[in-house]
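Engineer: Just so it is clear, I am handing over coords24.txt, which has compact mmCIF, C-alpha atoms.
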# COMPACT_ATOMS: atom_id res chain seq x y z
CA MET M 290 -35.92 23.93 -5.13
CA SER M 291 -33.50 26.50 -3.68
CA PHE M 292 -29.79 26.47 -4.39
CA THR M 293 -27.69 25.66 -1.30
CA PRO M 294 -23.95 25.64 -0.49
CA TRP M 295 -24.10 21.86 -0.72
CA ASP M 296 -25.28 22.13 -4.33
CA PHE M 297 -22.22 24.28 -5.01
CA PHE M 298 -20.05 21.68 -3.28
CA ILE M 299 -21.53 18.83 -5.33
CA ASP M 300 -21.18 20.72 -8.61
CA PHE M 301 -17.48 21.34 -8.10
CA GLY M 302 -17.01 17.86 -6.66
CA LEU M 303 -18.49 16.30 -9.79
CA ALA M 304 -16.36 18.59 -11.98
CA ALA M 305 -13.29 17.50 -10.01
CA VAL M 306 -14.13 13.85 -10.61
CA LEU M 307 -14.53 14.53 -14.32
CA LEU M 308 -11.16 16.35 -14.44
CA ILE M 309 -9.49 13.40 -12.73
CA ALA M 310 -11.18 11.04 -15.18
CA GLY M 311 -10.01 13.21 -18.07
CA THR M 312 -6.45 13.15 -16.76
CA ILE M 313 -6.51 9.35 -16.46
CA LEU M 314 -8.00 8.90 -19.94
CA ARG M 315 -5.34 11.20 -21.43
CA ALA M 316 -2.61 9.27 -19.61
CA LYS M 317 -3.82 5.76 -20.48
CA VAL M 318 -5.82 5.75 -23.73
CA LYS M 319 -3.60 5.84 -26.83
CA SER M 320 -6.30 7.12 -29.18
CA ILE M 321 -6.97 10.11 -26.90
CA GLN M 322 -3.24 10.82 -26.60
CA LYS M 323 -3.01 11.19 -30.37
CA LEU M 324 -5.56 14.02 -30.20
CA PHE M 325 -3.49 15.99 -27.61
CA LEU M 326 -6.73 17.11 -25.94
CA PRO M 327 -6.46 18.74 -22.49
CA ALA M 328 -8.07 16.91 -19.58
CA SER M 329 -10.52 19.79 -19.13
CA ILE M 330 -11.90 19.31 -22.67
CA ILE M 331 -12.31 15.56 -22.03
CA ALA M 332 -13.98 16.34 -18.70
CA GLY M 333 -16.33 18.80 -20.39
CA PHE M 334 -17.44 16.25 -22.97
CA LEU M 335 -18.02 13.70 -20.20
CA GLY M 336 -20.08 16.30 -18.35
CA LEU M 337 -22.09 17.06 -21.49
CA LEU M 338 -22.74 13.36 -22.09
CA LEU M 339 -23.58 12.43 -18.51
CA GLY M 340 -25.01 15.73 -17.28
CA PRO M 341 -28.48 17.35 -17.51
CA ASN M 342 -28.04 18.17 -21.22
CA GLY M 343 -27.19 14.55 -22.02
CA LEU M 344 -28.10 11.32 -20.23
CA ASN M 345 -28.85 13.22 -17.00
CA ILE M 346 -26.89 10.79 -14.84
CA LEU M 347 -24.74 13.29 -12.95
CA PRO M 348 -26.75 15.38 -10.45
CA PHE M 349 -25.48 18.81 -11.50
CA SER M 350 -27.53 21.76 -10.28
CA ASN M 351 -29.17 24.22 -12.64
CA GLN M 352 -26.44 26.76 -11.85
CA ILE M 353 -23.49 25.20 -13.69
CA SER M 354 -23.89 27.66 -16.58
CA THR M 355 -23.33 30.50 -14.07
CA TYR M 356 -19.93 29.33 -12.82
CA PRO M 357 -17.99 30.28 -15.99
CA THR M 358 -19.15 33.88 -15.57
CA ILE M 359 -17.63 33.94 -12.08
CA LEU M 360 -14.45 32.09 -13.00
CA ILE M 361 -13.67 34.43 -15.90
CA ALA M 362 -13.43 37.28 -13.36
CA PHE M 363 -10.67 35.28 -11.62
CA ILE M 364 -8.81 34.80 -14.90
CA PHE M 365 -8.95 38.39 -16.13
CA GLY M 366 -8.32 39.79 -12.66
CA ALA M 367 -5.13 37.75 -12.38
CA ILE M 368 -3.65 38.94 -15.68
CA PRO M 369 -2.10 42.18 -14.33
CA LEU M 370 -0.42 40.27 -11.47
CA THR M 371 1.46 38.05 -13.93
CA ALA M 372 2.43 40.75 -16.45
CA ASN M 373 5.87 42.33 -16.64
CA ALA M 374 6.59 45.95 -17.47
CA ILE M 375 6.54 46.85 -21.15
CA SER M 376 9.95 47.36 -22.73
CA TRP M 377 9.22 49.70 -25.63
CA LYS M 378 12.82 49.38 -26.77
CA LYS M 379 12.30 45.65 -27.32
CA MET M 380 8.94 46.34 -28.95
CA LYS M 381 10.77 48.17 -31.72
CA GLY M 382 12.67 45.01 -32.64
CA ARG M 383 11.52 41.48 -33.29
CA ILE M 384 8.92 41.72 -30.51
CA GLY M 385 7.17 44.36 -32.57
CA SER M 386 6.55 41.99 -35.45
CA MET M 387 5.12 39.39 -33.05
CA TRP M 388 2.88 42.04 -31.51
CA ALA M 389 1.61 43.33 -34.86
CA TYR M 390 1.02 39.81 -36.20
CA SER M 391 -0.78 38.55 -33.09
CA GLN M 392 -2.74 41.74 -32.44
CA ASN M 393 -4.00 41.87 -36.00
CA SER M 394 -5.09 38.24 -36.07
CA MET M 395 -7.14 38.91 -32.93
CA ILE M 396 -8.70 42.17 -34.13
CA LEU M 397 -9.66 40.78 -37.53
CA MET M 398 -11.31 37.75 -35.98
CA TRP M 399 -13.60 40.14 -34.07
CA GLY M 400 -14.25 42.77 -36.73
CA ALA M 401 -14.21 40.66 -39.88
CA GLY M 402 -16.24 37.93 -38.17
CA LEU M 403 -19.01 40.35 -37.29
CA LEU M 404 -18.94 41.99 -40.73
CA PHE M 405 -19.10 38.60 -42.48
CA ALA M 406 -22.15 37.61 -40.46
CA LEU M 407 -23.90 40.95 -41.01
CA LEU M 408 -23.41 40.73 -44.78
CA PHE M 409 -23.64 37.02 -45.59
CA ILE M 410 -25.43 35.23 -42.72
CA ASN M 411 -27.92 37.46 -40.91
CA PRO M 412 -29.83 38.50 -44.08
CA PHE M 413 -30.56 34.86 -44.92
CA TRP M 414 -31.73 33.63 -41.50
CA ASP M 415 -34.72 35.30 -39.92
CA GLN M 416 -34.62 36.25 -36.25
CA LEU M 417 -30.83 35.82 -36.07
CA HIS M 418 -29.34 38.16 -33.45
CA ALA M 419 -27.23 41.08 -34.72
CA GLY M 420 -24.35 39.93 -32.53
CA PHE M 421 -24.19 36.44 -34.04
CA GLY M 422 -20.88 37.25 -35.76
CA LEU M 423 -19.18 37.92 -32.42
CA ILE M 424 -19.71 34.27 -31.50
CA LEU M 425 -16.72 33.48 -33.73
CA ALA M 426 -14.11 35.55 -31.90
CA ALA M 427 -15.67 34.90 -28.51
CA GLY M 428 -14.92 31.21 -28.94
CA PHE M 429 -11.82 31.18 -31.13
CA VAL M 430 -9.38 33.87 -29.99
CA GLY M 431 -11.13 34.13 -26.65
CA GLY M 432 -11.53 30.50 -25.66
CA HIS M 433 -14.07 29.25 -23.16
CA GLY M 434 -13.35 32.12 -20.76
CA THR M 435 -14.24 34.87 -23.19
CA ALA M 436 -17.12 32.75 -24.49
CA ALA M 437 -18.55 32.76 -20.97
CA ALA M 438 -18.14 36.53 -20.71
CA VAL M 439 -19.69 37.36 -24.08
CA GLY M 440 -22.47 34.83 -23.60
CA ASP M 441 -23.33 36.30 -20.22
CA MET M 442 -23.43 39.85 -21.60
CA PHE M 443 -25.82 38.89 -24.39
CA SER M 444 -27.91 36.74 -22.04
CA LYS M 445 -28.49 39.72 -19.77
CA HIS M 446 -29.95 41.57 -22.74
CA GLY M 447 -32.32 38.85 -23.85
CA TRP M 448 -30.26 36.58 -26.11
CA GLU M 449 -30.03 33.52 -23.86
CA ASP M 450 -28.82 31.20 -26.63
CA ALA M 451 -25.56 33.15 -26.89
CA THR M 452 -23.81 31.25 -24.09
CA SER M 453 -24.35 27.80 -25.60
CA LEU M 454 -23.31 29.08 -29.03
CA ALA M 455 -20.17 30.77 -27.70
CA MET M 456 -19.18 27.68 -25.71
CA THR M 457 -19.72 25.55 -28.82
CA SER M 458 -17.54 27.93 -30.82
CA ALA M 459 -14.79 27.66 -28.21
CA THR M 460 -15.00 23.86 -28.15
CA VAL M 461 -14.89 23.59 -31.95
CA GLY M 462 -11.96 25.99 -31.92
CA VAL M 463 -9.93 23.86 -29.52
CA LEU M 464 -10.62 20.72 -31.55
CA ALA M 465 -9.62 22.50 -34.77
CA ALA M 466 -6.50 23.90 -33.11
CA ILE M 467 -5.21 20.46 -32.21
CA LEU M 468 -6.57 18.19 -34.95
CA LEU M 469 -5.83 20.49 -37.88
CA GLY M 470 -2.67 21.80 -36.21
CA VAL M 471 -1.17 18.32 -35.98
CA LEU M 472 -2.13 17.72 -39.62
CA PHE M 473 -0.40 20.95 -40.67
CA ILE M 474 2.72 19.90 -38.77
CA LYS M 475 2.85 16.54 -40.51
CA VAL M 476 2.49 18.19 -43.92
CA GLY M 477 5.00 20.90 -43.02
CA ALA M 478 7.56 18.35 -41.90
CA THR M 479 7.34 16.44 -45.18
CA LYS M 480 7.80 19.67 -47.17
CA GLY M 481 10.74 20.87 -45.11
CA TYR M 482 9.04 23.89 -43.58
CA THR M 483 9.96 23.00 -39.99
CA SER M 484 13.32 23.82 -38.43
CA TYR M 485 13.52 21.53 -35.39
CA LEU M 486 10.73 18.99 -35.82
CA THR M 487 11.17 15.83 -33.80
CA ASP M 488 9.59 12.81 -35.45
CA PHE M 489 6.21 12.11 -33.91
CA LYS M 490 7.33 8.70 -32.71
CA ASP M 491 10.18 10.37 -30.80
CA LEU M 492 8.06 12.98 -29.00
CA PRO M 493 8.58 13.10 -25.22
CA ASN M 494 6.12 10.82 -23.50
CA GLU M 495 4.86 13.63 -21.24
CA LEU M 496 3.47 15.45 -24.31
CA ARG M 497 1.36 12.40 -25.09
CA THR M 498 0.26 11.37 -21.60
CA GLY M 499 0.29 14.71 -19.82
CA LEU M 500 2.28 13.14 -16.97
CA ILE M 501 5.72 14.60 -16.24
CA PRO M 502 8.32 12.09 -14.96
CA SER M 503 10.30 12.99 -11.86
CA HIS M 504 13.53 13.76 -13.75
CA ALA M 505 11.81 16.29 -16.00
CA ARG M 506 9.89 18.23 -13.35
CA GLN M 507 10.63 21.89 -12.69
CA PRO M 508 10.87 23.08 -9.07
CA VAL M 509 8.37 25.75 -8.06
CA LYS M 510 9.18 28.29 -5.35
CA MET M 511 6.08 29.79 -3.81
CA ASP M 512 7.00 30.48 -0.17
CA THR M 513 7.05 34.27 -0.30
CA VAL M 514 5.58 34.41 3.22
CA SER M 515 5.98 32.16 6.22
CA PRO M 516 3.33 29.43 6.67
CA ILE M 517 3.39 30.33 10.37
CA SER M 518 1.57 33.52 9.40
CA ILE M 519 -0.46 32.40 6.38
CA ASP M 520 -0.09 29.66 3.82
CA PRO M 521 1.53 31.15 0.70
CA PHE M 522 -1.08 29.65 -1.62
CA VAL M 523 -3.92 31.04 0.52
CA LEU M 524 -2.36 34.51 0.32
CA HIS M 525 -2.26 34.42 -3.47
CA PHE M 526 -5.70 32.83 -3.75
CA SER M 527 -7.15 35.46 -1.41
CA LEU M 528 -5.66 38.25 -3.50
CA VAL M 529 -7.21 36.87 -6.70
CA ILE M 530 -10.60 36.44 -4.99
CA PHE M 531 -10.38 40.00 -3.65
CA ILE M 532 -9.73 41.34 -7.16
CA ALA M 533 -12.60 39.34 -8.68
CA MET M 534 -14.95 40.45 -5.88
CA GLY M 535 -13.87 44.05 -6.45
CA GLY M 536 -14.91 43.69 -10.08
CA TYR M 537 -18.29 42.34 -8.99
CA TYR M 538 -19.03 45.22 -6.61
CA LEU M 539 -17.87 47.81 -9.13
CA SER M 540 -20.24 46.27 -11.66
CA LYS M 541 -23.16 46.40 -9.23
CA TRP M 542 -22.29 49.98 -8.29
CA GLY M 543 -22.18 50.95 -11.95
CA GLU M 544 -25.57 49.32 -12.61
CA ALA M 545 -27.06 51.28 -9.69
CA LEU M 546 -25.74 54.59 -11.09
CA PHE M 547 -26.40 53.82 -14.76
CA PRO M 548 -29.13 51.16 -15.03
CA GLN M 549 -28.93 51.05 -18.83
CA ALA M 550 -25.15 50.52 -18.91
CA SER M 551 -23.96 47.05 -17.94
CA ILE M 552 -20.16 46.80 -17.74
CA PRO M 553 -19.09 43.14 -17.43
CA ILE M 554 -17.52 41.99 -14.18
CA PHE M 555 -14.42 40.52 -15.81
CA SER M 556 -13.51 43.89 -17.38
CA LEU M 557 -13.78 45.66 -14.05
CA ALA M 558 -11.84 42.84 -12.38
CA PHE M 559 -9.04 43.53 -14.86
CA ILE M 560 -9.08 47.21 -13.85
CA VAL M 561 -9.06 46.28 -10.16
CA GLY M 562 -6.13 43.96 -10.89
CA LEU M 563 -4.23 46.82 -12.52
CA SER M 564 -4.90 49.01 -9.47
CA VAL M 565 -3.77 46.30 -7.06
CA LYS M 566 -0.64 45.74 -9.11
CA LYS M 567 0.10 49.48 -8.97
CA ILE M 568 -0.33 49.54 -5.20
CA LEU M 569 1.87 46.47 -4.77
CA ASN M 570 4.62 48.05 -6.87
CA HIS M 571 4.36 51.40 -5.08
CA THR M 572 4.58 49.80 -1.63
CA HIS M 573 7.28 47.33 -2.75
CA SER M 574 4.95 44.49 -1.76
CA ASP M 575 5.12 42.95 -5.22
CA GLN M 576 8.18 40.97 -4.08
CA TYR M 577 5.83 38.82 -1.98
CA ILE M 578 3.59 37.93 -4.93
CA ASN M 579 4.73 34.99 -7.03
CA ALA M 580 3.53 35.40 -10.61
CA HIS M 581 3.87 31.65 -11.23
CA VAL M 582 1.51 30.82 -8.36
CA VAL M 583 -1.02 33.39 -9.58
CA SER M 584 -0.76 31.86 -13.04
CA ARG M 585 -1.46 28.40 -11.61
CA ILE M 586 -4.55 29.76 -9.81
CA SER M 587 -5.72 31.30 -13.08
CA GLY M 588 -5.02 28.02 -14.87
CA SER M 589 -7.02 26.10 -12.29
CA ALA M 590 -9.97 28.45 -12.77
CA THR M 591 -9.68 27.91 -16.54
CA ASP M 592 -9.82 24.11 -16.20
CA PHE M 593 -13.03 24.27 -14.16
CA LEU M 594 -14.45 26.94 -16.47
CA VAL M 595 -13.89 24.75 -19.54
CA THR M 596 -15.44 21.74 -17.80
CA PHE M 597 -18.56 23.62 -16.72
CA GLY M 598 -18.75 25.53 -20.00
CA ILE M 599 -18.86 22.45 -22.21
CA ALA M 600 -21.09 20.52 -19.81
CA SER M 601 -23.66 23.34 -19.84
CA ILE M 602 -23.95 23.54 -23.66
CA SER M 603 -27.54 23.14 -24.80
CA ILE M 604 -27.41 20.69 -27.70
CA SER M 605 -30.90 21.68 -28.87
CA VAL M 606 -29.84 25.33 -29.16
CA VAL M 607 -26.76 24.40 -31.17
CA LEU M 608 -28.86 22.30 -33.54
CA ASP M 609 -31.24 25.23 -34.06
CA TYR M 610 -28.31 27.36 -35.27
CA ILE M 611 -26.24 24.60 -36.86
CA THR M 612 -26.11 25.84 -40.49
CA PRO M 613 -25.21 29.52 -39.89
CA LEU M 614 -22.89 28.45 -37.07
CA VAL M 615 -20.95 26.07 -39.33
CA ILE M 616 -20.62 28.79 -41.98
CA LEU M 617 -19.36 31.32 -39.42
CA LEU M 618 -16.83 28.95 -37.87
CA CYS M 619 -15.52 27.90 -41.29
CA PHE M 620 -14.94 31.58 -42.07
CA GLY M 621 -12.94 31.88 -38.84
CA LEU M 622 -10.81 28.86 -39.77
CA ILE M 623 -10.05 30.49 -43.11
CA ILE M 624 -8.84 33.67 -41.40
CA ALA M 625 -6.65 31.68 -39.01
CA PHE M 626 -5.23 29.60 -41.86
CA ILE M 627 -4.35 32.68 -43.92
CA PHE M 628 -2.44 34.13 -40.98
CA PHE M 629 -0.66 30.80 -40.45
CA ALA M 630 0.20 29.87 -44.03
CA VAL M 631 0.56 33.28 -45.72
CA ILE M 632 0.97 36.27 -43.41
CA SER M 633 3.38 34.53 -41.00
CA LYS M 634 5.87 34.23 -43.88
CA LYS M 635 5.78 38.00 -44.33
CA TYR M 636 6.24 38.83 -40.66
CA PHE M 637 8.78 36.13 -39.76
CA PRO M 638 11.54 35.39 -42.27
CA ASP M 639 13.06 33.13 -39.60
CA TYR M 640 11.01 30.27 -38.14
CA TRP M 641 7.77 31.30 -39.85
CA PHE M 642 6.32 27.82 -39.47
CA GLU M 643 7.02 27.59 -35.73
CA ARG M 644 5.56 31.03 -35.05
CA GLY M 645 2.70 30.48 -37.44
CA ILE M 646 1.64 27.16 -35.92
CA PHE M 647 1.71 28.72 -32.45
CA ASN M 648 -0.55 31.52 -33.69
CA TRP M 649 -2.86 28.95 -35.30
CA GLY M 650 -3.18 27.20 -31.94
CA TRP M 651 -4.12 30.26 -29.92
CA THR M 652 -6.29 32.04 -32.50
CA THR M 653 -8.48 28.97 -32.95
CA GLY M 654 -8.19 27.50 -29.46
CA THR M 655 -6.15 28.84 -26.55
CA VAL M 656 -2.58 29.83 -25.77
CA ALA M 657 -2.17 26.38 -24.19
CA MET M 658 -3.08 24.81 -27.54
CA GLY M 659 -0.53 27.01 -29.27
CA ILE M 660 2.14 25.95 -26.79
CA ALA M 661 1.26 22.29 -27.28
CA LEU M 662 1.72 22.58 -31.05
CA LEU M 663 4.89 24.62 -30.64
CA ARG M 664 6.40 21.98 -28.35
CA ILE M 665 6.03 19.44 -31.16
CA VAL M 666 7.93 21.50 -33.77
CA ASP M 667 10.27 23.32 -31.36
CA PRO M 668 10.75 21.11 -28.27
CA HIS M 669 13.67 23.14 -26.88
CA SER M 670 12.19 26.62 -27.55
CA GLU M 671 15.03 27.54 -29.88
CA SER M 672 12.85 29.76 -32.05
CA LYS M 673 12.16 32.04 -29.03
CA THR M 674 8.51 32.15 -30.06
CA LEU M 675 7.14 31.99 -26.52
CA ASP M 676 9.68 34.52 -25.25
CA ASP M 677 8.58 37.03 -27.86
CA TYR M 678 4.87 36.33 -27.43
CA GLY M 679 5.14 36.73 -23.66
CA LEU M 680 6.39 40.31 -24.12
CA ALA M 681 4.09 41.04 -27.05
CA TYR M 682 1.01 39.99 -25.06
CA ILE M 683 1.51 42.78 -22.52
CA PRO M 684 0.02 45.47 -24.82
CA ILE M 685 -2.34 42.92 -26.41
CA ALA M 686 -4.12 42.11 -23.13
CA PRO M 687 -5.78 45.53 -22.64
CA VAL M 688 -6.96 45.51 -26.28
CA GLU M 689 -8.49 42.07 -25.73
CA VAL M 690 -10.39 43.36 -22.72
CA LEU M 691 -11.68 46.34 -24.74
CA LEU M 692 -12.83 44.08 -27.58
CA VAL M 693 -14.62 41.66 -25.26
CA THR M 694 -16.22 44.52 -23.35
CA PHE M 695 -17.31 46.94 -26.04
CA GLY M 696 -17.98 44.52 -28.90
CA PRO M 697 -21.19 43.11 -27.37
CA LEU M 698 -22.12 46.50 -25.85
CA LEU M 699 -21.97 48.29 -29.20
CA VAL M 700 -23.99 45.52 -30.86
CA ILE M 701 -26.60 45.73 -28.11
CA GLN M 702 -26.76 49.50 -28.71
CA SER M 703 -27.33 48.85 -32.45
CA GLN M 704 -23.82 50.10 -33.31
CA SER M 705 -22.55 46.94 -34.99
CA TYR M 706 -21.06 48.72 -37.99
CA LEU M 707 -19.29 51.22 -35.74
CA PHE M 708 -17.50 48.31 -34.06
CA VAL M 709 -16.65 46.85 -37.47
CA PHE M 710 -15.30 50.21 -38.66
CA VAL M 711 -13.14 50.72 -35.57
CA THR M 712 -11.65 47.23 -35.67
CA LEU M 713 -10.89 47.31 -39.39
CA LEU M 714 -9.38 50.78 -39.04
CA ALA M 715 -7.21 49.53 -36.19
CA SER M 716 -6.14 46.57 -38.32
CA ALA M 717 -5.15 48.88 -41.19
CA PHE M 718 -3.22 51.07 -38.75
CA ILE M 719 -1.27 48.07 -37.45
CA PHE M 720 -0.44 46.98 -40.99
CA SER M 721 0.81 50.50 -41.76
CA ILE M 722 3.01 50.43 -38.66
CA SER M 723 4.36 47.07 -39.82
CA TYR M 724 5.36 48.50 -43.19
CA LYS M 725 6.87 51.61 -41.63
CA ASN M 726 9.02 49.57 -39.23
CA LYS M 727 9.86 47.02 -41.92
CA TRP M 728 8.35 44.14 -39.97
CA PHE M 729 7.00 42.82 -43.26
CA LYS M 730 9.64 40.82 -45.14
CA LYS M 731 9.74 39.95 -48.81
CA LYS M 732 11.05 36.42 -48.46
CA ALA M 733 10.73 33.78 -45.73
CA THR M 734 13.38 31.20 -44.85
CA THR M 735 13.16 28.03 -42.81
CA LYS M 736 16.19 28.43 -40.59
CA SER M 737 18.01 31.39 -39.15
As structure tokens, please, write out the structure in this file.
Structural biologist:
Amino acid sequence: MSFTPWDFFIDFGLAAVLLIAGTILRAKVKSIQKLFLPASIIAGFLGLLLGPNGLNILPFSNQISTYPTILIAFIFGAIPLTANAISWKKMKGRIGSMWAYSQNSMILMWGAGLLFALLFINPFWDQLHAGFGLILAAGFVGGHGTAAAVGDMFSKHGWEDATSLAMTSATVGVLAAILLGVLFIKVGATKGYTSYLTDFKDLPNELRTGLIPSHARQPVKMDTVSPISIDPFVLHFSLVIFIAMGGYYLSKWGEALFPQASIPIFSLAFIVGLSVKKILNHTHSDQYINAHVVSRISGSATDFLVTFGIASISISVVLDYITPLVILLCFGLIIAFIFFAVISKKYFPDYWFERGIFNWGWTTGTVAMGIALLRIVDPHSESKTLDDYGLAYIPIAPVEVLLVTFGPLLVIQSQSYLFVFVTLLASAFIFSISYKNKWFKKKATTKS
């Protein structure tokens, strides 16, 4: 049976219904509120239960596993449009320590994860793919978006199970981010590690339900152009689609010139986004692009990506890999915990717990998970953790794209240990910079 536009319409319609159901369940069910799970995660589990990989009640098409690959191009293509210029002067100060800490936790998850698998997992399981270790970082520090990208790259080169494994890694990561993160906060509060912790019973209701009351809502200005000409949202949406489409055509052009080299679409979309951003700045047209609106478009793509990603997980594939997968993911949790409980104290003498719990959230789940945990321990953003991370992420983003792009490519080219060597060397270099700039501190305190 051929795939038609109506199949596309039904797929996204069903996903929309699941997202609405997830929002309602988060808002109304107390037990779900305690888990702090996003509506997209709830929607994904509903899709997995009721979809073709579960009870087969929802009439999803056989293309739902393809949508995350398309949506990730939207997300990466939008990144340059929301980024500010790098202030190297600020990078020399406290932003530098946030950059070094965050960058290193990301790099080690990729390099150390692959090395661990090559040494302690692959030799004991026959027929296990050489890139199995990358499943850890693809799901944890990457989230469902990167999981879709890495899974697609491996699938194109014959390892079709990679997508389900990467999506499972991302889902486990999000659950660990929230469930273990909340546990760490409770323990930290009792031991006096937190600086601003509000008692759980006094948390704002919108953090529990996900619904913001009218008095707490922030106004959003998006009318950078007149609706008489074009709707402002359509302008921004069109720009993001154009960037993603540019990445697609560049990828196809590259495949035509170099059939053996397959550069992922999301990486090229990021490059197109950088080029568009440069043109907008040069022509002074950037004043008509609202970064907040672009961010909301990217966030919308992420919600649908997570829903489709989880719903398309093949449970039978996961069960086939269950033992090595559990070992790999436990190793990733250990890395994330060491950065949270040990290394954060060295980098951040002030507010180490607040910054550490944020890093735990995004290195195991997503930045949104990190923000959710941070809001619990620092409801008024007094630690300036998000401010610093927002600036620190500017140089981190290109490195993330390089890791996601060349990690799988080097493994496919039988250069796994080269990737491990480069990442571990980069990690050592960042640590040396940290010592040189005295970002490492001898003693941590709770309050400034």
Engineer: Go ahead and compute the interatomic distance for atom CA of Ser716 of chain M and atom CA of Ile554 of chain M, in Å to one decimal.
Structural biologist: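 Answer for the atom CA of Ser716 of chain M to atom CA of Ile554 of chain M separation: 27.1 Å.
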Engineer: For atom CA of Phe349 of chain M and atom CA of Ser291 of chain M, determine how far apart the two atoms are, in Å to one decimal place.
Structural biologist: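 Computing it gives 13.6 Å between the two atoms.
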Engineer: Neighbours of Gly400 of chain M within 7 Å (all atoms listed in the file; same-chain residues fewer than 4 positions away dropped), as a list of chain:residue names?
Structural biologist: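 Using all atoms listed in the file, the neighbours found are M:Ile396, M:Leu404, M:Phe708, M:Val709, M:Thr712, M:Leu713.
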Engineer: Export, as a PDB file, keeping the file's coordinate frame, the selected residues with C-alpha atoms.
Structural biologist:
ATOM      1  CA  ILE M 396      -8.700  42.170 -34.130  1.00  0.00           C
ATOM      2  CA  LEU M 404     -18.940  41.990 -40.730  1.00  0.00           C
ATOM      3  CA  PHE M 708     -17.500  48.310 -34.060  1.00  0.00           C
ATOM      4  CA  VAL M 709     -16.650  46.850 -37.470  1.00  0.00           C
ATOM      5  CA  THR M 712     -11.650  47.230 -35.670  1.00  0.00           C
ATOM      6  CA  LEU M 713     -10.890  47.310 -39.390  1.00  0.00           C
TER       7      LEU M 713
END
Engineer: To one decimal place, how far is atom CA of His433 of chain M from atom CA of Ala459 of chain M in Å?
Structural biologist: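 Going from atom CA of His433 of chain M over to atom CA of Ala459 of chain M covers 5.3 Å.
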Engineer: With distances taken over all atoms listed in the file, which residue among M:Tyr538, M:Phe559, M:Phe522, M:Phe642 lies nearest Ala372 of chain M?
Structural biologist: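 The answer is M:Phe559, which sits nearest to Ala372 of chain M.
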Engineer: Could you tell me which of M:Pro684, M:Pro369, M:Gly336, M:Pro613 comes closest to Trp414 of chain M if we count all atoms listed in the file?
Structural biologist: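 Comparing M:Pro684, M:Pro369, M:Gly336, M:Pro613 against Trp414 of chain M, the winner is M:Pro613.
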Engineer: Could you list, as number ranges by chain, every residue within 10 Å of segment 514-521 of chain M, counting only C-alpha atoms and ignoring same-chain residues fewer than 3 positions away?
Structural biologist: M: 511, 524-527, 577-579, 582
Engineer: Which residue gives the smallest distance to Leu344 of chain M among M:Glu544, M:Ala686, M:Ala600, M:Ile424, with all atoms listed in the file counted?
Structural biologist: M:Ala600
Engineer: Write out as a PDB file with C-alpha atoms, keeping the file's coordinate frame each polymer residue whose atoms come within 10 Å of Arg644 of chain M, counting only C-alpha atoms; drop sequence neighbours fewer than 2 positions from it.
Structural biologist:
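Dumped everything to result_30.pdb:
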ATOM      1  CA  MET M 387       5.120  39.390 -33.050  1.00  0.00           C
ATOM      2  CA  TYR M 390       1.020  39.810 -36.200  1.00  0.00           C
ATOM      3  CA  PHE M 629      -0.660  30.800 -40.450  1.00  0.00           C
ATOM      4  CA  SER M 633       3.380  34.530 -41.000  1.00  0.00           C
ATOM      5  CA  LYS M 634       5.870  34.230 -43.880  1.00  0.00           C
ATOM      6  CA  TYR M 636       6.240  38.830 -40.660  1.00  0.00           C
ATOM      7  CA  PHE M 637       8.780  36.130 -39.760  1.00  0.00           C
ATOM      8  CA  ASP M 639      13.060  33.130 -39.600  1.00  0.00           C
ATOM      9  CA  TYR M 640      11.010  30.270 -38.140  1.00  0.00           C
ATOM     10  CA  TRP M 641       7.770  31.300 -39.850  1.00  0.00           C
ATOM     11  CA  PHE M 642       6.320  27.820 -39.470  1.00  0.00           C
ATOM     12  CA  ILE M 646       1.640  27.160 -35.920  1.00  0.00           C
ATOM     13  CA  PHE M 647       1.710  28.720 -32.450  1.00  0.00           C
ATOM     14  CA  ASN M 648      -0.550  31.520 -33.690  1.00  0.00           C
ATOM     15  CA  TRP M 649      -2.860  28.950 -35.300  1.00  0.00           C
ATOM     16  CA  GLY M 659      -0.530  27.010 -29.270  1.00  0.00           C
ATOM     17  CA  LEU M 663       4.890  24.620 -30.640  1.00  0.00           C
ATOM     18  CA  VAL M 666       7.930  21.500 -33.770  1.00  0.00           C
ATOM     19  CA  ASP M 667      10.270  23.320 -31.360  1.00  0.00           C
ATOM     20  CA  SER M 672      12.850  29.760 -32.050  1.00  0.00           C
ATOM     21  CA  LYS M 673      12.160  32.040 -29.030  1.00  0.00           C
ATOM     22  CA  THR M 674       8.510  32.150 -30.060  1.00  0.00           C
ATOM     23  CA  LEU M 675       7.140  31.990 -26.520  1.00  0.00           C
ATOM     24  CA  ASP M 677       8.580  37.030 -27.860  1.00  0.00           C
ATOM     25  CA  TYR M 678       4.870  36.330 -27.430  1.00  0.00           C
TER      26      TYR M 678
END
Engineer: From the options M:Leu699, M:Leu324, M:Ile331, M:Ala466, which residue's atoms come nearest to Thr596 of chain M, counting only C-alpha atoms?
Structural biologist: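 The closest residue to Thr596 of chain M is M:Ile331.
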Engineer: Would you mind telling me which residue in M:Leu539, M:Ala426, M:Ile532, M:Leu407 lies nearest to Gly696 of chain M when using only C-alpha atoms?
Structural biologist: M:Ala426
